[in-house]
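Some notes on the structure that comes next.
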Amino acid sequence: MTYERVGAVFIAGLWAFVALPIFIDLASFSLLLEKSFIIERGKIPFPLGGAAFAVAVFLSYGMSFVARNEFNALLSPQQMVCFVVFALLPFFIYTVLVSGLSLARVAQLLLPLLALCVLSVPAHASTQKLLVLSVMAGSGAFYMLHVVSIIKHSGKLFSADYFEFSFFFEYLIYQSLVTYPGVLSLYFFCGLAVLLSPRFGVLVRSLAGLYISVIFSLLLIASRRASMLEIGGGIGIIFAGVVLASLWKGRFFVSRIMLMMIAFVLSPLLLYFVKNSPLYQRASNSYSAGRFDSGRLDIYSSAIAHFMDNPGLLIFGAGGSGAVGYHNFFLDTVYRIGLLGLCIYISMLAYLIVKFYRLSKAFGSGGTLQNVMVVVVLYLLFIQTFVNTSITQPYYALNLLSALLLVRFCIFGKKSSTSVSSRLAGL
């Protein structure tokens with residue numbers, strides 16, 4: 001085995017830790033192990049998977065220049081230096097000196113952009129598959145243990161409530177009721193993509209079926225109403241995408257439509273479990289009480305009214321270090337850095353998305369289902385953005401990149417490393 005392959009295997013192994021909802025306290029550099037919902041002041045939670053992600057992307061970025069048959073970088077070193085000097089650095093100065101944002105909050109905004117700057121994607125087919133299996137193995141092991149933890153505490157899986165869901169063997173899962181279920185939704189569709197992909201054999205597909213079943217059970221217990229929009233909307237997008245593509249191309253994807261039909265036949269059994277789940281009970285109670293949105297629409301209205309009454313805040317932001325509490329990425333960001341800062345931030349993000357798209361073109365298209373799955377991941381981001389601060393939550397942002405990497409480059413990849421390298425040379 002060459003050193004390139006050893007490096008690729010090691011990097012793929014690191015990705016197994018990215019999805020784990022285990023946090024460290026950066027103030028004391030120790031694991032964040034709490035047995036109650038009250039987190040002591042002064043602690044700085046950061047996902048342990050973020051450290052694994054950082055090591056993995058920096059190693060793969062370095063390998064993209066010495067072993068292009070294994071990894072390919074989103075930005076060249078020259079492009080990255082220009083982006084940092086002429087985009088990130090001025091943005092940093094603006095947020096600190098003009099908006100008055102704290103360094104910790106600036107870091108939350110910059111981390112996703114920095115992660116995209118050094119993102120490198122696997123070009124070799126075996127590395128792509130290994131990355132998929134690594135992520136599923138690492139996250140799947142935790143999710144299975146989480147189910148065991150819930151059953152051990154409550155006796156029965158669906159007799160548990162969201163409070164019991166929040167703990168993993170008596171220790172609190174940080175952001176268990178917001179970000180963690182959002183990440184579960186991302187990997188639910190990654191598992192579904194593996195189940196539908198022709199690239200994997202029967203054994204892996206069977207494990208993917210178990211994987212998504214475990215995640216779905218956890219989402220039902222979490223009782224997060226946004227999960228209903230995420231899972232229901234995502235499945236609707238997949239079904240509509242496959243059917244429309246079949247009609248447009250004049251040929252039917254028999255195997256995928258058969259899987260959809262099997263899911264349709266099993267839907268009554270699925271609905272039975274959903275109806276007896278904590279999620280259904282909480283959603284129906286909230287709807288009956290007229291607070292299905294948890295008051296978010298009122299919060300959004302008051303935020304917009306506050307911005308209109310304070311033009312200076314609307315344009316330049318109010319900075320600060322505390323949580324805003326608007327439960328919306330755009331509103332929170334406008335409050336912190338203003339419309340001007342938000343436009344600059346979206347522009348930088350758009351530039352990196354264009355680079356991501358150009359790199360993905362070099363790998364060729366994995367077909368309709370691959371494109372549909374990318375749309376689903378973006379849809380999940382859209383939902384999460386309007387109910388949470390998504391991109392500025394490191395745990396969610398890193399796993400969003402992980403999900404995009406899997407569905408766009410790994411699960412449906414077709415090109416060999418040789419053809420990818422030659423295509424990249426042309427780009």
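Identifiers for the structure tokens are assigned positionally: chains receive A, B, ... in sequence, residues are indexed from 1 per chain, and ligands are indexed from 1 in the order shown.
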Fewer than 2 positions away in the same chain doesn't count, so skip those; otherwise give me all residues within 9 Å of Ser176 in chain A, counting only C-alpha atoms, as a list in words.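 The residues satisfying every condition are Pro21, Tyr162, Phe165, Ser166, Phe167, Leu172, Ile173, Tyr174, Val178, Thr179, Tyr180, Pro181 and Ala222 of chain A.
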Which residues of range 181-224 of chain A sit at most 12 Å from range 385-395 of chain A, using only C-alpha atoms? Give each one's shortest atom pair and distance in Å (one decimal place), in chain and ascending residue order, as JSON lines.
{"residue": "A:Pro181", "atom": "CA", "partner": "A:Tyr395", "partner_atom": "CA", "distance": 11.3}
{"residue": "A:Gly182", "atom": "CA", "partner": "A:Ser390", "partner_atom": "CA", "distance": 8.9}
{"residue": "A:Val183", "atom": "CA", "partner": "A:Tyr395", "partner_atom": "CA", "distance": 8.2}
{"residue": "A:Leu184", "atom": "CA", "partner": "A:Tyr395", "partner_atom": "CA", "distance": 11.6}
{"residue": "A:Arg224", "atom": "CA", "partner": "A:Val387", "partner_atom": "CA", "distance": 10.9}
Taking only C-alpha atoms into account, name the residue in A:Tyr326, A:Leu220, A:Gly191, A:Leu405 that is nearest to Asp161 in chain A. A:Leu220
Counting only C-alpha atoms, the option among A:Ala362, A:Val66, A:Leu32, A:Cys410 closest to Tyr171 in chain A: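 For Tyr171 in chain A, the nearest of the candidates is A:Leu32.
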List as JSON, numbers by chain the protein and nucleic acid residues near range 337-351 of chain A, meaning an atom at most 7 Å away when only C-alpha atoms are counted, but skip any in the same chain fewer than 4 places from it. {"A": [95, 99, 113, 313, 314, 315, 316, 317, 318, 319, 333, 355]}
Deliver the residues from the most recent selection as a file, using N, CA and C atoms, as a JSON list (two decimals), in the first residue's frame.
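Result saved to again26.json:
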[["chain", "number", "residue", "atom", "x", "y", "z"],
["A", 95, "THR", "N", -16.58, 43.65, 10.93],
["A", 95, "THR", "CA", -17.42, 43.11, 12.00],
["A", 95, "THR", "C", -16.93, 43.53, 13.39],
["A", 99, "SER", "N", -19.22, 46.93, 13.43],
["A", 99, "SER", "CA", -20.38, 46.34, 14.10],
["A", 99, "SER", "C", -20.15, 46.11, 15.58],
["A", 113, "LEU", "N", -16.64, 29.46, 6.29],
["A", 113, "LEU", "CA", -15.93, 29.95, 5.11],
["A", 113, "LEU", "C", -14.51, 29.38, 5.05],
["A", 313, "LEU", "N", -28.81, 50.31, 13.19],
["A", 313, "LEU", "CA", -28.69, 48.88, 13.51],
["A", 313, "LEU", "C", -28.96, 48.04, 12.26],
["A", 314, "LEU", "N", -29.98, 48.42, 11.50],
["A", 314, "LEU", "CA", -30.33, 47.67, 10.30],
["A", 314, "LEU", "C", -29.18, 47.62, 9.31],
["A", 315, "ILE", "N", -28.45, 48.73, 9.16],
["A", 315, "ILE", "CA", -27.39, 48.79, 8.15],
["A", 315, "ILE", "C", -26.08, 48.20, 8.67],
["A", 316, "PHE", "N", -25.68, 48.56, 9.90],
["A", 316, "PHE", "CA", -24.36, 48.18, 10.39],
["A", 316, "PHE", "C", -24.37, 47.13, 11.50],
["A", 317, "GLY", "N", -25.52, 46.85, 12.11],
["A", 317, "GLY", "CA", -25.58, 45.85, 13.15],
["A", 317, "GLY", "C", -25.28, 46.41, 14.52],
["A", 318, "ALA", "N", -25.57, 45.59, 15.53],
["A", 318, "ALA", "CA", -25.36, 46.00, 16.92],
["A", 318, "ALA", "C", -24.23, 45.23, 17.59],
["A", 319, "GLY", "N", -23.60, 44.30, 16.87],
["A", 319, "GLY", "CA", -22.48, 43.56, 17.44],
["A", 319, "GLY", "C", -22.88, 42.76, 18.65],
["A", 333, "THR", "N", -28.15, 37.46, 12.01],
["A", 333, "THR", "CA", -26.95, 38.02, 11.37],
["A", 333, "THR", "C", -27.13, 39.50, 11.10],
["A", 355, "LYS", "N", -17.27, 27.91, -6.82],
["A", 355, "LYS", "CA", -16.08, 27.07, -6.93],
["A", 355, "LYS", "C", -16.42, 25.60, -6.65]]
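For the choices A:Ala54, A:Val374, A:Met136, A:Ile11, the atom-to-atom distance to Ser360 in chain A is smallest for A:Val374 when using only C-alpha atoms.
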Give me the residues near Tyr3 in chain A as a ChimeraX atom specification, where near means some atom within 12 Å (using only C-alpha atoms) and where sequence neighbours in that chain fewer than 3 positions away do not count. /A:6-10,63,66-67,70
Suppose we keep C-alpha atoms; can you now write the selection as a tab-separated table (two decimals), in the first residue's frame?
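To be explicit, this is the file written out as again-v5.tsv:
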chain	number	residue	atom	x	y	z
A	6	VAL	CA	-2.41	5.10	3.78
A	7	GLY	CA	-3.05	8.84	4.04
A	8	ALA	CA	-6.44	8.50	2.34
A	9	VAL	CA	-7.48	5.71	4.71
A	10	PHE	CA	-6.39	7.75	7.74
A	63	MET	CA	-2.45	15.74	-0.32
A	66	VAL	CA	1.16	15.77	-3.97
A	67	ALA	CA	-1.44	13.11	-4.80
A	70	GLU	CA	-6.55	10.89	-4.25
Which residues are near Ala193 in chain A? Cut-off 10 Å, only C-alpha atoms, ignore same chain within fewer than 3 positions. Put them as a ChimeraX atom specification. /A:187-190,196-198,205,208,238,369-370,372-373,406-407,411-412
Can I get the selection written as a tab-separated table (two decimals), in the first residue's frame, with N, CA and C atoms?
chain	number	residue	atom	x	y	z
A	187	TYR	N	-28.22	13.21	7.88
A	187	TYR	CA	-27.70	11.85	7.68
A	187	TYR	C	-28.81	10.85	7.38
A	188	PHE	N	-30.05	11.19	7.71
A	188	PHE	CA	-31.18	10.36	7.27
A	188	PHE	C	-31.19	10.28	5.75
A	189	PHE	N	-31.02	11.42	5.09
A	189	PHE	CA	-31.06	11.43	3.64
A	189	PHE	C	-29.75	10.93	3.02
A	190	CYS	N	-28.64	11.06	3.74
A	190	CYS	CA	-27.40	10.42	3.26
A	190	CYS	C	-27.57	8.90	3.25
A	196	LEU	N	-30.48	4.02	-2.20
A	196	LEU	CA	-30.94	4.15	-3.59
A	196	LEU	C	-29.81	4.12	-4.61
A	197	SER	N	-28.57	4.25	-4.16
A	197	SER	CA	-27.44	4.32	-5.08
A	197	SER	C	-27.09	2.94	-5.65
A	198	PRO	N	-26.82	2.86	-6.97
A	198	PRO	CA	-26.40	1.58	-7.56
A	198	PRO	C	-24.94	1.26	-7.29
A	205	ARG	N	-26.41	-1.67	1.44
A	205	ARG	CA	-27.76	-1.12	1.35
A	205	ARG	C	-28.63	-1.58	2.53
A	208	ALA	N	-27.69	0.42	5.38
A	208	ALA	CA	-28.23	1.77	5.21
A	208	ALA	C	-29.70	1.81	5.62
A	238	ILE	N	-37.64	14.03	-3.43
A	238	ILE	CA	-37.06	12.85	-4.09
A	238	ILE	C	-38.08	12.19	-5.01
A	369	LEU	N	-30.72	11.26	-9.56
A	369	LEU	CA	-30.86	11.08	-8.13
A	369	LEU	C	-29.80	11.86	-7.35
A	370	GLN	N	-28.60	11.92	-7.90
A	370	GLN	CA	-27.55	12.71	-7.25
A	370	GLN	C	-27.95	14.18	-7.17
A	372	VAL	N	-30.94	15.43	-7.31
A	372	VAL	CA	-32.10	15.55	-6.42
A	372	VAL	C	-31.65	15.55	-4.96
A	373	MET	N	-30.69	14.70	-4.63
A	373	MET	CA	-30.21	14.63	-3.25
A	373	MET	C	-29.50	15.91	-2.83
A	406	LEU	N	-20.72	14.03	0.69
A	406	LEU	CA	-21.12	12.64	0.45
A	406	LEU	C	-22.05	12.52	-0.75
A	407	VAL	N	-23.11	13.34	-0.79
A	407	VAL	CA	-24.10	13.16	-1.85
A	407	VAL	C	-23.60	13.67	-3.20
A	411	ILE	N	-21.28	9.23	-2.84
A	411	ILE	CA	-22.30	8.19	-2.90
A	411	ILE	C	-22.67	7.82	-4.33
A	412	PHE	N	-22.68	8.82	-5.22
A	412	PHE	CA	-23.10	8.56	-6.60
A	412	PHE	C	-21.96	8.71	-7.60
Would you give me, as a ChimeraX atom specification, the residues in range 163-225 of chain A that DSSP reads as alpha helix (DSSP H)? /A:163-165,179-196,202-222,225
For range 118-133 of chain A, work out the shell of residues within 7 Å, counting only C-alpha atoms and skipping chain neighbours fewer than 3 positions away, then give it as a list of chain:residue names.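 So, after excluding close chain neighbours, the residues are A:Ala8, A:Ala12, A:Trp15, A:Val57, A:Phe58, A:Ser60, A:Tyr61, A:Ser64, A:Asn69, A:Glu70, A:Phe71, A:Asn72, A:Ala73, A:Leu74, A:Leu75, A:Leu114, A:Ala115, A:Met136, A:Ala137, A:Leu406, A:Cys410, A:Ile411, A:Ser416, A:Ser417, A:Val420.
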Write a file of the just-selected residues containing N, CA and C atoms, as a PDB file, in the first residue's frame.
ATOM      1  N   ALA A   8      -5.007   8.432   2.661  1.00  0.00           N
ATOM      2  CA  ALA A   8      -6.438   8.498   2.336  1.00  0.00           C
ATOM      3  C   ALA A   8      -7.264   7.704   3.343  1.00  0.00           C
ATOM      4  N   ALA A  12     -10.060   9.290   5.848  1.00  0.00           N
ATOM      5  CA  ALA A  12     -11.429   8.751   5.876  1.00  0.00           C
ATOM      6  C   ALA A  12     -11.812   8.326   7.284  1.00  0.00           C
ATOM      7  N   TRP A  15     -13.155  11.140   9.432  1.00  0.00           N
ATOM      8  CA  TRP A  15     -14.514  11.579   9.159  1.00  0.00           C
ATOM      9  C   TRP A  15     -15.537  10.819   9.990  1.00  0.00           C
ATOM     10  N   VAL A  57      -9.434  17.863   6.804  1.00  0.00           N
ATOM     11  CA  VAL A  57      -9.442  18.750   5.638  1.00  0.00           C
ATOM     12  C   VAL A  57      -8.060  19.342   5.371  1.00  0.00           C
ATOM     13  N   PHE A  58      -7.293  19.613   6.419  1.00  0.00           N
ATOM     14  CA  PHE A  58      -5.949  20.147   6.191  1.00  0.00           C
ATOM     15  C   PHE A  58      -5.026  19.084   5.594  1.00  0.00           C
ATOM     16  N   SER A  60      -6.045  16.465   3.766  1.00  0.00           N
ATOM     17  CA  SER A  60      -6.493  16.222   2.392  1.00  0.00           C
ATOM     18  C   SER A  60      -6.134  17.389   1.480  1.00  0.00           C
ATOM     19  N   TYR A  61      -6.138  18.617   2.035  1.00  0.00           N
ATOM     20  CA  TYR A  61      -5.738  19.778   1.231  1.00  0.00           C
ATOM     21  C   TYR A  61      -4.266  19.672   0.840  1.00  0.00           C
ATOM     22  N   SER A  64      -3.820  17.094  -1.833  1.00  0.00           N
ATOM     23  CA  SER A  64      -4.344  17.448  -3.148  1.00  0.00           C
ATOM     24  C   SER A  64      -3.270  17.992  -4.080  1.00  0.00           C
ATOM     25  N   ASN A  69      -4.478  12.203  -7.584  1.00  0.00           N
ATOM     26  CA  ASN A  69      -5.352  11.060  -7.869  1.00  0.00           C
ATOM     27  C   ASN A  69      -6.148  10.642  -6.642  1.00  0.00           C
ATOM     28  N   GLU A  70      -5.827  11.208  -5.477  1.00  0.00           N
ATOM     29  CA  GLU A  70      -6.547  10.891  -4.249  1.00  0.00           C
ATOM     30  C   GLU A  70      -7.485  12.026  -3.824  1.00  0.00           C
ATOM     31  N   PHE A  71      -7.013  13.282  -3.875  1.00  0.00           N
ATOM     32  CA  PHE A  71      -7.820  14.416  -3.431  1.00  0.00           C
ATOM     33  C   PHE A  71      -7.638  15.597  -4.373  1.00  0.00           C
ATOM     34  N   ASN A  72      -8.693  16.395  -4.505  1.00  0.00           N
ATOM     35  CA  ASN A  72      -8.650  17.613  -5.303  1.00  0.00           C
ATOM     36  C   ASN A  72      -9.228  18.758  -4.485  1.00  0.00           C
ATOM     37  N   ALA A  73      -8.517  19.900  -4.472  1.00  0.00           N
ATOM     38  CA  ALA A  73      -8.874  21.022  -3.614  1.00  0.00           C
ATOM     39  C   ALA A  73      -9.860  21.960  -4.291  1.00  0.00           C
ATOM     40  N   LEU A  74     -10.689  22.585  -3.469  1.00  0.00           N
ATOM     41  CA  LEU A  74     -11.636  23.573  -3.963  1.00  0.00           C
ATOM     42  C   LEU A  74     -10.912  24.828  -4.442  1.00  0.00           C
ATOM     43  N   LEU A  75      -9.946  25.305  -3.659  1.00  0.00           N
ATOM     44  CA  LEU A  75      -9.174  26.494  -4.006  1.00  0.00           C
ATOM     45  C   LEU A  75      -7.692  26.154  -4.059  1.00  0.00           C
ATOM     46  N   LEU A 114     -13.837  29.350   6.195  1.00  0.00           N
ATOM     47  CA  LEU A 114     -12.490  28.788   6.239  1.00  0.00           C
ATOM     48  C   LEU A 114     -12.501  27.301   5.921  1.00  0.00           C
ATOM     49  N   ALA A 115     -13.537  26.601   6.408  1.00  0.00           N
ATOM     50  CA  ALA A 115     -13.647  25.168   6.121  1.00  0.00           C
ATOM     51  C   ALA A 115     -13.819  24.929   4.625  1.00  0.00           C
ATOM     52  N   MET A 136     -20.866   6.699   8.052  1.00  0.00           N
ATOM     53  CA  MET A 136     -22.024   5.911   8.492  1.00  0.00           C
ATOM     54  C   MET A 136     -21.682   5.044   9.693  1.00  0.00           C
ATOM     55  N   ALA A 137     -20.473   4.489   9.714  1.00  0.00           N
ATOM     56  CA  ALA A 137     -20.086   3.635  10.837  1.00  0.00           C
ATOM     57  C   ALA A 137     -19.955   4.441  12.125  1.00  0.00           C
ATOM     58  N   LEU A 406     -20.721  14.029   0.689  1.00  0.00           N
ATOM     59  CA  LEU A 406     -21.124  12.641   0.455  1.00  0.00           C
ATOM     60  C   LEU A 406     -22.053  12.520  -0.748  1.00  0.00           C
ATOM     61  N   CYS A 410     -19.362  11.385  -3.388  1.00  0.00           N
ATOM     62  CA  CYS A 410     -18.996  10.039  -2.926  1.00  0.00           C
ATOM     63  C   CYS A 410     -20.054   8.970  -3.181  1.00  0.00           C
ATOM     64  N   ILE A 411     -21.282   9.233  -2.842  1.00  0.00           N
ATOM     65  CA  ILE A 411     -22.304   8.190  -2.897  1.00  0.00           C
ATOM     66  C   ILE A 411     -22.669   7.822  -4.328  1.00  0.00           C
ATOM     67  N   SER A 416     -13.469   7.843 -12.730  1.00  0.00           N
ATOM     68  CA  SER A 416     -12.232   7.313 -12.158  1.00  0.00           C
ATOM     69  C   SER A 416     -11.320   8.470 -11.816  1.00  0.00           C
ATOM     70  N   SER A 417     -10.296   8.209 -11.022  1.00  0.00           N
ATOM     71  CA  SER A 417      -9.396   9.278 -10.601  1.00  0.00           C
ATOM     72  C   SER A 417      -8.638   9.853 -11.790  1.00  0.00           C
ATOM     73  N   VAL A 420     -10.881  12.310 -13.691  1.00  0.00           N
ATOM     74  CA  VAL A 420     -11.103  13.503 -12.883  1.00  0.00           C
ATOM     75  C   VAL A 420      -9.898  14.421 -12.945  1.00  0.00           C
TER      76      VAL A 420
END
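CA of Ile212 in chain A lies 20.3 Å from CA of Gly241 in chain A.
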Just list the residues in range 5-222 of chain A DSSP gives strand (DSSP E) on the backbone, as a list in words.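 Selection result, strand (DSSP E) within range 5-222 of chain A: Phe23, Ile24, Asp25, Ser30, Leu31, Pro45, Phe46, Pro47, Phe71, Asn72, Ala73, Ser120, Val121, Pro122, Phe167, Phe168, Tyr171 and Leu172 of chain A.
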Could you name the residues that touch Val214 in chain A at 8 Å or less, counting only C-alpha atoms, but leaving out those on the same chain fewer than 6 positions away, as a PyMOL selection string? chain A and resi 143-144+147
Include C-alpha atoms and write out the residues we just selected as a compact mmCIF listing (two decimals), in the first residue's frame.
# COMPACT_ATOMS: atom_id res chain seq x y z
CA TYR A 143 -27.08 6.57 17.18
CA MET A 144 -27.50 2.90 18.09
CA VAL A 147 -31.28 4.31 21.29
Counting only C-alpha atoms, the option among A:Ile39, A:Ile24, A:Val106, A:Leu14 closest to Gly320 in chain A: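 Of the candidates, the smallest distance to Gly320 in chain A is held by A:Val106.
What separates CA of Asp332 in chain A from CA of Phe53 in chain A is a distance of 26.0 Å.
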